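Report on the structure given below.
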Amino acid sequence: MPGTPTETPCGLGFWGPETIARLVAPYVDPDRFTVTRAVVYTFHHLVAERWRSGRVFLLGDAAHQMPPFLGQGLCSGLRDAANLTWKLALVLEGTDGAAGPDLLDSYEAERRPHTEEMAVTSLRLGKVFLVRNRYAAAARDAVLRGVQIVPRVRRFVRRFEFKPAPALRTGMLSGGVRKGPIGTMFPQPEVTTPGSTTPRLLEHVLGPAFTVIGPAVDARTAATWAGPAATFVRVLPTGSSGAPSTPAHDVVNVVDVNGVLGDWFHRHRVALAVLRPDRFVYGTTADAVPLCSPAGGGGSGTAASAV
């Protein structure tokens, strides 16, 4: 919005109550509310040159700032934290030989590309939102109203499906690069667990560690795992009467309530997947065993082969 980019108490300066009342009058009666604060916000598109210096890391607004039009500033910061915190834990714990300090370099390598794409998309969307020519704005509004009659297009717009997907290009992945489902986020559908028929999100079953999940997961899978702490989850098909109440070797059984997990494994033609603590797919395999552990460092481990 035009104006002086400063914050002023109401009653003073350009952004006094009279100005606010005039701007909102076409949409709501100004007498129905009281203005207590008015400010012109200045937004930026900034990305730090580097996000790590030794033991210091930049996350969130310290690492990047973007326009507000996609509402992704806070979300990007949360993704930063989700990416880095479990890696820090692995390195600081220093157990199982699972991770070396160079693992932390994968934080920026994984997060920067998506953050930059999201910022650029926000800028482009802002140019659509902030059209100031009345004829261009009328054309924009007419187009947006017109596409509402096509259900798939309407869903695409309303759900902001044009946002860049948070997939990883490189980093701590089997083979070091994205391939097939490797590097994508694993679905989080509803499942049921032993002793309960009430569906709950898979996220609540997995816990904070690595996860080995799939229809082929069994006691042998758990017994041959040599990596960091992990949760082992066997996926039972939709319509299963229930899961055994006493899973062997810490293998948790879940029933795929809506078939989402079954569809995922069938589509990618794999029997199990290794998930990182942030729920990105580290690797996949067509067999239940053998599996090696995710290696520390930049993703050169061989925990599971891409299929």
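Within each chain, counting starts at residue 1; across the structure tokens, chains are named A, B, ... in the order shown, with ligands numbered 1 upward in that order.
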Tell me, as a ChimeraX atom specification, which residues lie within 7 Å of range 210-223 of chain A, counting only C-alpha atoms; anything in the same chain fewer than 5 positions away does not count. /A:229-236,248-249,251,271-277,288-289
Excluding Gly126 in chain A and any residue of its chain fewer than 2 positions from it, enumerate the residues within 12 Å of it, using only C-alpha atoms, and give them as a PDB file with all heavy atoms, in the first residue's frame.
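Done, and the output landed in around-v7.pdb:
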ATOM      1  N   PHE A  43       8.134  -5.518   2.789  1.00  0.00           N
ATOM      2  CA  PHE A  43       8.578  -6.915   2.707  1.00  0.00           C
ATOM      3  C   PHE A  43       9.808  -7.014   1.810  1.00  0.00           C
ATOM      4  O   PHE A  43      10.116  -6.116   1.034  1.00  0.00           O
ATOM      5  CB  PHE A  43       7.460  -7.825   2.197  1.00  0.00           C
ATOM      6  CG  PHE A  43       6.887  -7.432   0.870  1.00  0.00           C
ATOM      7  CD1 PHE A  43       7.527  -7.754  -0.315  1.00  0.00           C
ATOM      8  CD2 PHE A  43       5.678  -6.749   0.798  1.00  0.00           C
ATOM      9  CE1 PHE A  43       7.002  -7.409  -1.538  1.00  0.00           C
ATOM     10  CE2 PHE A  43       5.136  -6.395  -0.431  1.00  0.00           C
ATOM     11  CZ  PHE A  43       5.798  -6.727  -1.599  1.00  0.00           C
ATOM     12  N   HIS A  44      10.522  -8.122   1.967  1.00  0.00           N
ATOM     13  CA  HIS A  44      11.780  -8.312   1.262  1.00  0.00           C
ATOM     14  C   HIS A  44      11.829  -9.677   0.597  1.00  0.00           C
ATOM     15  O   HIS A  44      11.102 -10.601   0.958  1.00  0.00           O
ATOM     16  CB  HIS A  44      12.966  -8.206   2.234  1.00  0.00           C
ATOM     17  CG  HIS A  44      13.031  -6.917   2.988  1.00  0.00           C
ATOM     18  ND1 HIS A  44      13.565  -5.770   2.459  1.00  0.00           N
ATOM     19  CD2 HIS A  44      12.613  -6.589   4.246  1.00  0.00           C
ATOM     20  CE1 HIS A  44      13.489  -4.795   3.341  1.00  0.00           C
ATOM     21  NE2 HIS A  44      12.913  -5.261   4.436  1.00  0.00           N
ATOM     22  N   HIS A  45      12.729  -9.809  -0.346  1.00  0.00           N
ATOM     23  CA  HIS A  45      13.127 -11.104  -0.899  1.00  0.00           C
ATOM     24  C   HIS A  45      14.640 -11.181  -0.724  1.00  0.00           C
ATOM     25  O   HIS A  45      15.413 -10.682  -1.538  1.00  0.00           O
ATOM     26  CB  HIS A  45      12.738 -11.200  -2.380  1.00  0.00           C
ATOM     27  CG  HIS A  45      13.282 -12.438  -3.042  1.00  0.00           C
ATOM     28  ND1 HIS A  45      13.437 -12.539  -4.405  1.00  0.00           N
ATOM     29  CD2 HIS A  45      13.724 -13.607  -2.532  1.00  0.00           C
ATOM     30  CE1 HIS A  45      13.957 -13.721  -4.701  1.00  0.00           C
ATOM     31  NE2 HIS A  45      14.130 -14.387  -3.581  1.00  0.00           N
ATOM     32  N   MET A  66      10.925 -13.401   2.724  1.00  0.00           N
ATOM     33  CA  MET A  66      10.177 -13.449   1.467  1.00  0.00           C
ATOM     34  C   MET A  66       8.867 -12.689   1.612  1.00  0.00           C
ATOM     35  O   MET A  66       8.397 -12.453   2.737  1.00  0.00           O
ATOM     36  CB  MET A  66       9.918 -14.897   1.054  1.00  0.00           C
ATOM     37  CG  MET A  66       9.030 -15.697   1.982  1.00  0.00           C
ATOM     38  SD  MET A  66       8.875 -17.439   1.452  1.00  0.00           S
ATOM     39  CE  MET A  66      10.535 -18.050   1.752  1.00  0.00           C
ATOM     40  N   PRO A  67       8.276 -12.291   0.491  1.00  0.00           N
ATOM     41  CA  PRO A  67       6.982 -11.601   0.549  1.00  0.00           C
ATOM     42  C   PRO A  67       5.915 -12.477   1.212  1.00  0.00           C
ATOM     43  O   PRO A  67       6.037 -13.702   1.224  1.00  0.00           O
ATOM     44  CB  PRO A  67       6.650 -11.348  -0.924  1.00  0.00           C
ATOM     45  CG  PRO A  67       7.973 -11.373  -1.608  1.00  0.00           C
ATOM     46  CD  PRO A  67       8.791 -12.391  -0.875  1.00  0.00           C
ATOM     47  N   PRO A  68       4.856 -11.873   1.737  1.00  0.00           N
ATOM     48  CA  PRO A  68       3.880 -12.618   2.532  1.00  0.00           C
ATOM     49  C   PRO A  68       2.765 -13.277   1.729  1.00  0.00           C
ATOM     50  O   PRO A  68       1.881 -13.884   2.325  1.00  0.00           O
ATOM     51  CB  PRO A  68       3.298 -11.516   3.439  1.00  0.00           C
ATOM     52  CG  PRO A  68       3.351 -10.287   2.579  1.00  0.00           C
ATOM     53  CD  PRO A  68       4.615 -10.415   1.777  1.00  0.00           C
ATOM     54  N   PHE A  69       2.788 -13.172   0.411  1.00  0.00           N
ATOM     55  CA  PHE A  69       1.598 -13.504  -0.375  1.00  0.00           C
ATOM     56  C   PHE A  69       1.244 -14.986  -0.382  1.00  0.00           C
ATOM     57  O   PHE A  69       0.100 -15.346  -0.643  1.00  0.00           O
ATOM     58  CB  PHE A  69       1.772 -12.985  -1.803  1.00  0.00           C
ATOM     59  CG  PHE A  69       2.107 -11.529  -1.854  1.00  0.00           C
ATOM     60  CD1 PHE A  69       3.362 -11.100  -2.240  1.00  0.00           C
ATOM     61  CD2 PHE A  69       1.182 -10.582  -1.461  1.00  0.00           C
ATOM     62  CE1 PHE A  69       3.688  -9.755  -2.265  1.00  0.00           C
ATOM     63  CE2 PHE A  69       1.482  -9.235  -1.468  1.00  0.00           C
ATOM     64  CZ  PHE A  69       2.749  -8.825  -1.868  1.00  0.00           C
ATOM     65  N   LEU A  70       2.208 -15.858  -0.128  1.00  0.00           N
ATOM     66  CA  LEU A  70       1.915 -17.285  -0.020  1.00  0.00           C
ATOM     67  C   LEU A  70       1.826 -17.741   1.435  1.00  0.00           C
ATOM     68  O   LEU A  70       1.548 -18.902   1.701  1.00  0.00           O
ATOM     69  CB  LEU A  70       2.994 -18.103  -0.743  1.00  0.00           C
ATOM     70  CG  LEU A  70       2.795 -18.320  -2.242  1.00  0.00           C
ATOM     71  CD1 LEU A  70       4.014 -19.024  -2.835  1.00  0.00           C
ATOM     72  CD2 LEU A  70       1.539 -19.136  -2.510  1.00  0.00           C
ATOM     73  N   GLY A  71       2.114 -16.833   2.361  1.00  0.00           N
ATOM     74  CA  GLY A  71       2.089 -17.203   3.769  1.00  0.00           C
ATOM     75  C   GLY A  71       3.125 -18.258   4.120  1.00  0.00           C
ATOM     76  O   GLY A  71       2.890 -19.107   4.985  1.00  0.00           O
ATOM     77  N   ALA A 119      10.261 -18.222  -2.533  1.00  0.00           N
ATOM     78  CA  ALA A 119      10.333 -16.760  -2.518  1.00  0.00           C
ATOM     79  C   ALA A 119       9.997 -16.189  -3.891  1.00  0.00           C
ATOM     80  O   ALA A 119       9.257 -15.192  -4.005  1.00  0.00           O
ATOM     81  CB  ALA A 119      11.716 -16.307  -2.074  1.00  0.00           C
ATOM     82  N   VAL A 120      10.516 -16.796  -4.945  1.00  0.00           N
ATOM     83  CA  VAL A 120      10.232 -16.328  -6.304  1.00  0.00           C
ATOM     84  C   VAL A 120       8.747 -16.481  -6.624  1.00  0.00           C
ATOM     85  O   VAL A 120       8.124 -15.593  -7.218  1.00  0.00           O
ATOM     86  CB  VAL A 120      11.097 -17.089  -7.330  1.00  0.00           C
ATOM     87  CG1 VAL A 120      10.636 -16.786  -8.749  1.00  0.00           C
ATOM     88  CG2 VAL A 120      12.569 -16.713  -7.162  1.00  0.00           C
ATOM     89  N   THR A 121       8.164 -17.614  -6.216  1.00  0.00           N
ATOM     90  CA  THR A 121       6.730 -17.821  -6.442  1.00  0.00           C
ATOM     91  C   THR A 121       5.908 -16.786  -5.689  1.00  0.00           C
ATOM     92  O   THR A 121       4.899 -16.279  -6.192  1.00  0.00           O
ATOM     93  CB  THR A 121       6.315 -19.241  -6.008  1.00  0.00           C
ATOM     94  OG1 THR A 121       7.101 -20.203  -6.721  1.00  0.00           O
ATOM     95  CG2 THR A 121       4.841 -19.495  -6.311  1.00  0.00           C
ATOM     96  N   SER A 122       6.330 -16.439  -4.478  1.00  0.00           N
ATOM     97  CA  SER A 122       5.633 -15.412  -3.706  1.00  0.00           C
ATOM     98  C   SER A 122       5.694 -14.061  -4.403  1.00  0.00           C
ATOM     99  O   SER A 122       4.702 -13.318  -4.441  1.00  0.00           O
ATOM    100  CB  SER A 122       6.251 -15.300  -2.306  1.00  0.00           C
ATOM    101  OG  SER A 122       6.071 -16.488  -1.574  1.00  0.00           O
ATOM    102  N   LEU A 123       6.847 -13.731  -4.970  1.00  0.00           N
ATOM    103  CA  LEU A 123       6.971 -12.478  -5.709  1.00  0.00           C
ATOM    104  C   LEU A 123       6.021 -12.441  -6.900  1.00  0.00           C
ATOM    105  O   LEU A 123       5.351 -11.433  -7.159  1.00  0.00           O
ATOM    106  CB  LEU A 123       8.408 -12.301  -6.196  1.00  0.00           C
ATOM    107  CG  LEU A 123       9.438 -11.778  -5.189  1.00  0.00           C
ATOM    108  CD1 LEU A 123      10.830 -11.822  -5.800  1.00  0.00           C
ATOM    109  CD2 LEU A 123       9.085 -10.352  -4.771  1.00  0.00           C
ATOM    110  N   ARG A 124       5.963 -13.534  -7.637  1.00  0.00           N
ATOM    111  CA  ARG A 124       5.088 -13.594  -8.810  1.00  0.00           C
ATOM    112  C   ARG A 124       3.627 -13.461  -8.412  1.00  0.00           C
ATOM    113  O   ARG A 124       2.851 -12.773  -9.086  1.00  0.00           O
ATOM    114  CB  ARG A 124       5.329 -14.900  -9.560  1.00  0.00           C
ATOM    115  CG  ARG A 124       6.706 -14.979 -10.227  1.00  0.00           C
ATOM    116  CD  ARG A 124       6.969 -16.359 -10.780  1.00  0.00           C
ATOM    117  NE  ARG A 124       8.256 -16.429 -11.468  1.00  0.00           N
ATOM    118  CZ  ARG A 124       8.851 -17.554 -11.841  1.00  0.00           C
ATOM    119  NH1 ARG A 124       8.257 -18.727 -11.571  1.00  0.00           N
ATOM    120  NH2 ARG A 124      10.011 -17.528 -12.457  1.00  0.00           N
ATOM    121  N   VAL A 128       0.382 -10.446  -9.058  1.00  0.00           N
ATOM    122  CA  VAL A 128      -1.031 -10.668  -9.399  1.00  0.00           C
ATOM    123  C   VAL A 128      -1.928  -9.973  -8.380  1.00  0.00           C
ATOM    124  O   VAL A 128      -2.898  -9.299  -8.736  1.00  0.00           O
ATOM    125  CB  VAL A 128      -1.336 -12.180  -9.441  1.00  0.00           C
ATOM    126  CG1 VAL A 128      -2.834 -12.416  -9.692  1.00  0.00           C
ATOM    127  CG2 VAL A 128      -0.509 -12.863 -10.513  1.00  0.00           C
ATOM    128  N   PHE A 129      -1.615 -10.105  -7.112  1.00  0.00           N
ATOM    129  CA  PHE A 129      -2.431  -9.513  -6.056  1.00  0.00           C
ATOM    130  C   PHE A 129      -2.414  -7.983  -6.091  1.00  0.00           C
ATOM    131  O   PHE A 129      -3.432  -7.342  -5.844  1.00  0.00           O
ATOM    132  CB  PHE A 129      -1.924  -9.965  -4.681  1.00  0.00           C
ATOM    133  CG  PHE A 129      -2.260 -11.381  -4.339  1.00  0.00           C
ATOM    134  CD1 PHE A 129      -1.675 -11.991  -3.234  1.00  0.00           C
ATOM    135  CD2 PHE A 129      -3.159 -12.108  -5.089  1.00  0.00           C
ATOM    136  CE1 PHE A 129      -1.984 -13.295  -2.896  1.00  0.00           C
ATOM    137  CE2 PHE A 129      -3.475 -13.412  -4.776  1.00  0.00           C
ATOM    138  CZ  PHE A 129      -2.885 -14.012  -3.679  1.00  0.00           C
ATOM    139  N   LEU A 130      -1.262  -7.406  -6.391  1.00  0.00           N
ATOM    140  CA  LEU A 130      -1.077  -5.968  -6.219  1.00  0.00           C
ATOM    141  C   LEU A 130      -1.214  -5.175  -7.512  1.00  0.00           C
ATOM    142  O   LEU A 130      -0.638  -4.094  -7.636  1.00  0.00           O
ATOM    143  CB  LEU A 130       0.301  -5.700  -5.593  1.00  0.00           C
ATOM    144  CG  LEU A 130       0.539  -6.337  -4.221  1.00  0.00           C
ATOM    145  CD1 LEU A 130       1.907  -5.952  -3.684  1.00  0.00           C
ATOM    146  CD2 LEU A 130      -0.545  -5.937  -3.236  1.00  0.00           C
ATOM    147  N   VAL A 131      -1.960  -5.695  -8.455  1.00  0.00           N
ATOM    148  CA  VAL A 131      -2.223  -4.939  -9.678  1.00  0.00           C
ATOM    149  C   VAL A 131      -2.917  -3.631  -9.318  1.00  0.00           C
ATOM    150  O   VAL A 131      -3.932  -3.632  -8.619  1.00  0.00           O
ATOM    151  CB  VAL A 131      -3.106  -5.761 -10.640  1.00  0.00           C
ATOM    152  CG1 VAL A 131      -3.562  -4.906 -11.808  1.00  0.00           C
ATOM    153  CG2 VAL A 131      -2.337  -6.975 -11.144  1.00  0.00           C
ATOM    154  N   ARG A 132      -2.389  -2.520  -9.784  1.00  0.00           N
ATOM    155  CA  ARG A 132      -2.939  -1.216  -9.410  1.00  0.00           C
ATOM    156  C   ARG A 132      -3.686  -0.538 -10.565  1.00  0.00           C
ATOM    157  O   ARG A 132      -4.364   0.462 -10.355  1.00  0.00           O
ATOM    158  CB  ARG A 132      -1.815  -0.309  -8.895  1.00  0.00           C
ATOM    159  CG  ARG A 132      -1.115  -0.901  -7.682  1.00  0.00           C
ATOM    160  CD  ARG A 132      -0.036   0.004  -7.136  1.00  0.00           C
ATOM    161  NE  ARG A 132      -0.595   1.215  -6.555  1.00  0.00           N
ATOM    162  CZ  ARG A 132       0.132   2.158  -5.970  1.00  0.00           C
ATOM    163  NH1 ARG A 132       1.456   2.028  -5.912  1.00  0.00           N
ATOM    164  NH2 ARG A 132      -0.430   3.229  -5.459  1.00  0.00           N
TER     165      ARG A 132
END
Got a sec to tell me which of range 68-99 of chain A DSSP assigns to alpha helix (DSSP H), as a list of chain:residue names?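 Filtering range 68-99 of chain A to alpha helix (DSSP H) leaves A:Gly73, A:Leu74, A:Cys75, A:Ser76, A:Gly77, A:Leu78, A:Arg79, A:Asp80, A:Ala81, A:Ala82, A:Asn83, A:Leu84, A:Thr85, A:Trp86, A:Lys87, A:Leu88, A:Ala89, A:Leu90, A:Val91, A:Leu92, A:Glu93.
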In range 94-238 of chain A, what's strand (DSSP E or B) per DSSP? Answer as a list in words?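 Matching residues for strand (DSSP E or B) in range 94-238 of chain A are Thr170, Val177, Lys179, Ile182, Met185, Glu190, Val191, Thr192, Arg200, Leu201, Phe210, Thr211, Val212, Ile213, Gly214, Ala230, Thr231, Phe232, Val233, Arg234, Val235 and Leu236 of chain A.
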Which residues are close to Met185 in chain A, i.e. within 9 Å by only C-alpha atoms, leaving aside same-chain residues fewer than 6 positions away? Reply as number ranges by chain. A: 166-168, 275, 278-281
Output the selection as a short mmCIF file (atom, residue, chain, number, x, y, z; two decimals), in the first residue's frame - C-alpha atoms for each residue.
data_model
loop_
_atom_site.label_atom_id
_atom_site.label_comp_id
_atom_site.auth_asym_id
_atom_site.auth_seq_id
_atom_site.Cartn_x
_atom_site.Cartn_y
_atom_site.Cartn_z
CA PRO A 166 9.27 -29.39 -0.64
CA ALA A 167 11.22 -32.18 -2.34
CA LEU A 168 14.97 -32.55 -1.86
CA LEU A 275 12.17 -42.41 6.32
CA ASP A 278 11.69 -35.22 9.07
CA ARG A 279 9.59 -37.73 7.06
CA PHE A 280 11.47 -37.38 3.79
CA VAL A 281 12.14 -40.69 2.05
#
Find the residue from A:Thr284, A:Thr19, A:Thr198, A:Gln148 that sits nearest to Val254 in chain A; use only C-alpha atoms when measuring. A:Thr198
For range 258-269 of chain A, list every protein, DNA or RNA residue within 8 Å, evaluated using only C-alpha atoms, and leave out those in the same chain fewer than 2 positions away; present the list as a short mmCIF file (atom, residue, chain, number, x, y, z; two decimals) with N, CA, C and O atoms, in the first residue's frame.
data_model
loop_
_atom_site.label_atom_id
_atom_site.label_comp_id
_atom_site.auth_asym_id
_atom_site.auth_seq_id
_atom_site.Cartn_x
_atom_site.Cartn_y
_atom_site.Cartn_z
N GLY A 180 13.06 -41.07 -8.14
CA GLY A 180 11.78 -41.68 -7.82
C GLY A 180 11.21 -41.08 -6.55
O GLY A 180 11.20 -39.87 -6.37
N PRO A 181 10.77 -41.92 -5.60
CA PRO A 181 10.22 -41.38 -4.36
C PRO A 181 11.28 -40.87 -3.39
O PRO A 181 10.97 -40.17 -2.44
N PRO A 187 3.70 -39.81 2.60
CA PRO A 187 2.33 -39.42 2.98
C PRO A 187 2.07 -39.66 4.46
O PRO A 187 2.71 -40.50 5.10
N PRO A 189 -1.23 -40.42 6.15
CA PRO A 189 -2.67 -40.69 6.22
C PRO A 189 -3.10 -41.18 7.60
O PRO A 189 -2.29 -41.28 8.53
N GLU A 190 -4.35 -41.51 7.72
CA GLU A 190 -4.88 -42.07 8.95
C GLU A 190 -4.66 -43.58 8.97
O GLU A 190 -4.79 -44.26 7.95
N VAL A 191 -4.33 -44.10 10.16
CA VAL A 191 -4.15 -45.53 10.35
C VAL A 191 -4.78 -45.92 11.68
O VAL A 191 -5.10 -45.06 12.51
N GLY A 214 6.63 -50.41 5.66
CA GLY A 214 6.18 -51.04 4.44
C GLY A 214 5.47 -52.35 4.70
O GLY A 214 5.53 -52.89 5.82
N VAL A 235 2.82 -52.28 7.36
CA VAL A 235 1.56 -51.75 6.86
C VAL A 235 0.64 -52.90 6.47
O VAL A 235 0.98 -53.71 5.58
N PRO A 237 -3.10 -54.14 4.95
CA PRO A 237 -4.02 -53.56 3.95
C PRO A 237 -5.33 -53.08 4.54
O PRO A 237 -5.74 -53.49 5.63
N THR A 238 -5.97 -52.20 3.79
CA THR A 238 -7.28 -51.69 4.16
C THR A 238 -8.25 -52.85 4.35
O THR A 238 -8.26 -53.81 3.56
N ASP A 256 -3.90 -49.68 7.12
CA ASP A 256 -4.00 -48.58 6.16
C ASP A 256 -5.48 -48.27 5.92
O ASP A 256 -6.11 -48.84 5.03
N ALA A 271 8.80 -52.43 -1.53
CA ALA A 271 8.25 -53.19 -0.41
C ALA A 271 8.39 -52.45 0.91
O ALA A 271 7.62 -52.71 1.84
N LEU A 272 9.38 -51.59 1.00
CA LEU A 272 9.53 -50.79 2.20
C LEU A 272 10.31 -49.52 1.89
O LEU A 272 10.96 -49.41 0.85
N ALA A 286 12.97 -53.12 -2.81
CA ALA A 286 11.93 -54.06 -3.20
C ALA A 286 11.90 -55.28 -2.29
O ALA A 286 11.00 -56.11 -2.39
N VAL A 307 14.39 -48.01 -6.46
CA VAL A 307 13.77 -48.97 -7.38
C VAL A 307 12.90 -48.23 -8.36
O VAL A 307 12.13 -47.37 -7.96
#
So which one's closest to Gly60 in chain A, A:Lys127, A:Arg112, A:Arg37, A:Arg32? Using only C-alpha atoms, please.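 Selected residue with least distance to Gly60 in chain A: A:Arg112.
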Quick one: distance from CA of Gly283 in chain A to CA of Gly227 in chain A in Å, one decimal? 13.2 Å
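Proximity to Ala109 in chain A was assessed for A:Ser174, A:Ser53, A:Asn83, A:Thr36 counting only C-alpha atoms; the smallest distance is recorded for A:Asn83.
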Rank nothing, just name the residue among A:Asn253, A:Ala62, A:Gly239, A:Val35 nearest to Leu206 in chain A, using only C-alpha atoms.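 Closest residue, counting only C-alpha atoms: A:Asn253.
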Any idea what's packed within 8 Å of Thr115 in chain A, counting only C-alpha atoms, ignoring anything in its chain fewer than 4 positions away? Could you give it as a list in words?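 In the requested form, the answer reads His64, Ser76, Arg111 and Ala119 of chain A.
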d(CA of Ala48 in chain A, CA of Ala165 in chain A) in Å: 21.4 Å
